[in-house]
Amino acid sequence: MKLLAKIHKNKTYNWIIRLTIIIATYSFIYKQIFHRKKLDDVVQSFNQLLDEPALYVFSIWVVGLMLVNWGIESLKWQFLIGKIEKIPFLRSFEAVLSGISVSLFTPNRVGEYFGRVFILEKANPWKGVFITIIGSMSQLLTTIIVGSLALLFFIPIYLRDNVLFSPYLFYALILLVLTIVTALILIFLNVSAIPRIIARYIKKRFVKIYQYFSVISYYNSYELATVLIFSFLRYCIFAIQFYLLLLMFSVEIPLGHGLMIIAIIFFVMTAIPTITLAELGIRGSVSLYFIQMYFERYGVVNDQINAGIISSTSTLWLVNLAIPALLGTFFVLKLKFFSKRPKDD
């Protein structure tokens, strides 16, 4: 009887958490779209483009790239999580979408880690969390590398006339960026050595946490390089999506300048500690600031361009986060927060 009561209690807790996540996800998206009036701006911009045949071509490409984007992320997570539990691609895809739903309303998207791992049936969730962090760190590292390298092209083009610009300081910055980028890549590719280093100084009360953390030692440099390649492919797709949306909303900017500025935008976004509730507004402000710099050089900044930039940013958020989050709520119903798993597998 006690066992049956415990099982019933766990099922009740699972449903309470699932429903809480679903309600929070829908509430957040509703506030972002309707309360902040972002949808009105996007709809108005779309209405102006309805007679343009290119609209449908661009839309198909952007949505298609969204599926490819999260498909690659699913392959990456399937590859990583395979060290502790083999899962099929579709289950990995469900986990990724569930993670988006949970992460959408949490600060800096920390909920993504927990939204994914509770879809696992055999592996310890805490080990899954640390493995998921590896994937997130590879994505962050890719953004930092590409963004910092783009900065080296951005500064001499857009900031050369600034009173603070100095060739000697710029050369020093090049050396610093290349050193940091090289160091970060080497650290990531050898991250498996960190648990061995920590093991020398670990105290008894932290042994349990260390058992979960040591999962990062399961990966060799070749496997971590593969994860970086997955992350770079996702980054390229995300950047191309943004560029296509800018073109779709009549923000015509050359490919080279566009991708460079987009890389700067992504880089700056990673440096801003955001609570997700304000992220869409921050995205729009950062995008507006840097993309305007290109048009200010030619004195062609106007309300139409500004509206196009905001619409592009909002649509990118809707396509890449809001829609997947809504789809992910269906898979949240499968998450098992209270279930019997091996404690130290």
# chains A, B, ... in the order shown; residues from 1 in each chain; ligands from 1
$ closest_atom_pairs --of "segment 112-196 of chain A" --to "segment 62-82 of chain A" --cutoff "12 Å" --atoms "only C-alpha atoms" --output "tab-separated table"
residue	atom	partner	partner_atom	distance
A:Tyr113	CA	A:Trp77	CA	11.0
A:Arg116	CA	A:Trp77	CA	9.4
A:Val117	CA	A:Ile81	CA	9.2
A:Ile119	CA	A:Ile81	CA	11.5
A:Leu120	CA	A:Ile81	CA	9.4
A:Lys122	CA	A:Ile81	CA	11.5
A:Ala123	CA	A:Ile81	CA	9.1
A:Asn124	CA	A:Ile81	CA	11.0
A:Pro125	CA	A:Ile81	CA	10.7
A:Trp126	CA	A:Ile81	CA	11.8
A:Lys127	CA	A:Ile81	CA	9.1
A:Gly128	CA	A:Ile81	CA	6.7
A:Val129	CA	A:Ile81	CA	9.7
A:Phe130	CA	A:Ile81	CA	9.9
A:Ile131	CA	A:Ile81	CA	6.6
A:Thr132	CA	A:Trp77	CA	7.1
A:Ile133	CA	A:Trp77	CA	10.2
A:Ile134	CA	A:Leu80	CA	8.3
A:Gly135	CA	A:Trp77	CA	7.0
A:Ser136	CA	A:Trp77	CA	9.8
A:Ser138	CA	A:Lys76	CA	10.3
A:Gln139	CA	A:Glu73	CA	9.7
$ write_last_selection --atoms "C-alpha atoms" --output "short mmCIF file (atom, residue, chain, number, x, y, z; two decimals), in the first residue's frame"
data_model
loop_
_atom_site.label_atom_id
_atom_site.label_comp_id
_atom_site.auth_asym_id
_atom_site.auth_seq_id
_atom_site.Cartn_x
_atom_site.Cartn_y
_atom_site.Cartn_z
CA TYR A 113 19.37 21.78 -18.65
CA ARG A 116 16.05 18.03 -21.28
CA VAL A 117 17.43 15.54 -18.79
CA ILE A 119 13.20 12.82 -20.58
CA LEU A 120 15.93 10.25 -19.85
CA LYS A 122 17.87 5.23 -17.14
CA ALA A 123 20.64 7.77 -16.70
CA ASN A 124 21.11 9.95 -13.64
CA PRO A 125 19.61 13.41 -14.34
CA TRP A 126 22.50 15.26 -12.66
CA LYS A 127 24.99 13.64 -14.99
CA GLY A 128 22.73 14.68 -17.86
CA VAL A 129 22.79 18.27 -16.59
CA PHE A 130 26.61 18.44 -16.67
CA ILE A 131 26.66 16.85 -20.12
CA THR A 132 24.11 19.40 -21.36
CA ILE A 133 26.29 22.17 -19.94
CA ILE A 134 29.14 20.94 -22.16
CA GLY A 135 26.92 21.43 -25.20
CA SER A 136 25.88 24.90 -24.04
CA SER A 138 30.47 24.81 -26.88
CA GLN A 139 27.74 27.05 -28.30
#
$ closest_residue --among "A:Val286, A:Ile84, A:Val163, A:Val57" --to "Tyr219 of chain A" --atoms "only C-alpha atoms"
A:Ile84
$ closest_residue --among "A:Leu327, A:Ala271, A:Ile253, A:Ile262" --to "Leu140 of chain A" --atoms "only C-alpha atoms"
A:Ala271
$ atom_distance --atom1 "atom CA of Pro324 of chain A" --atom2 "atom CA of Val110 of chain A"
16.8 Å
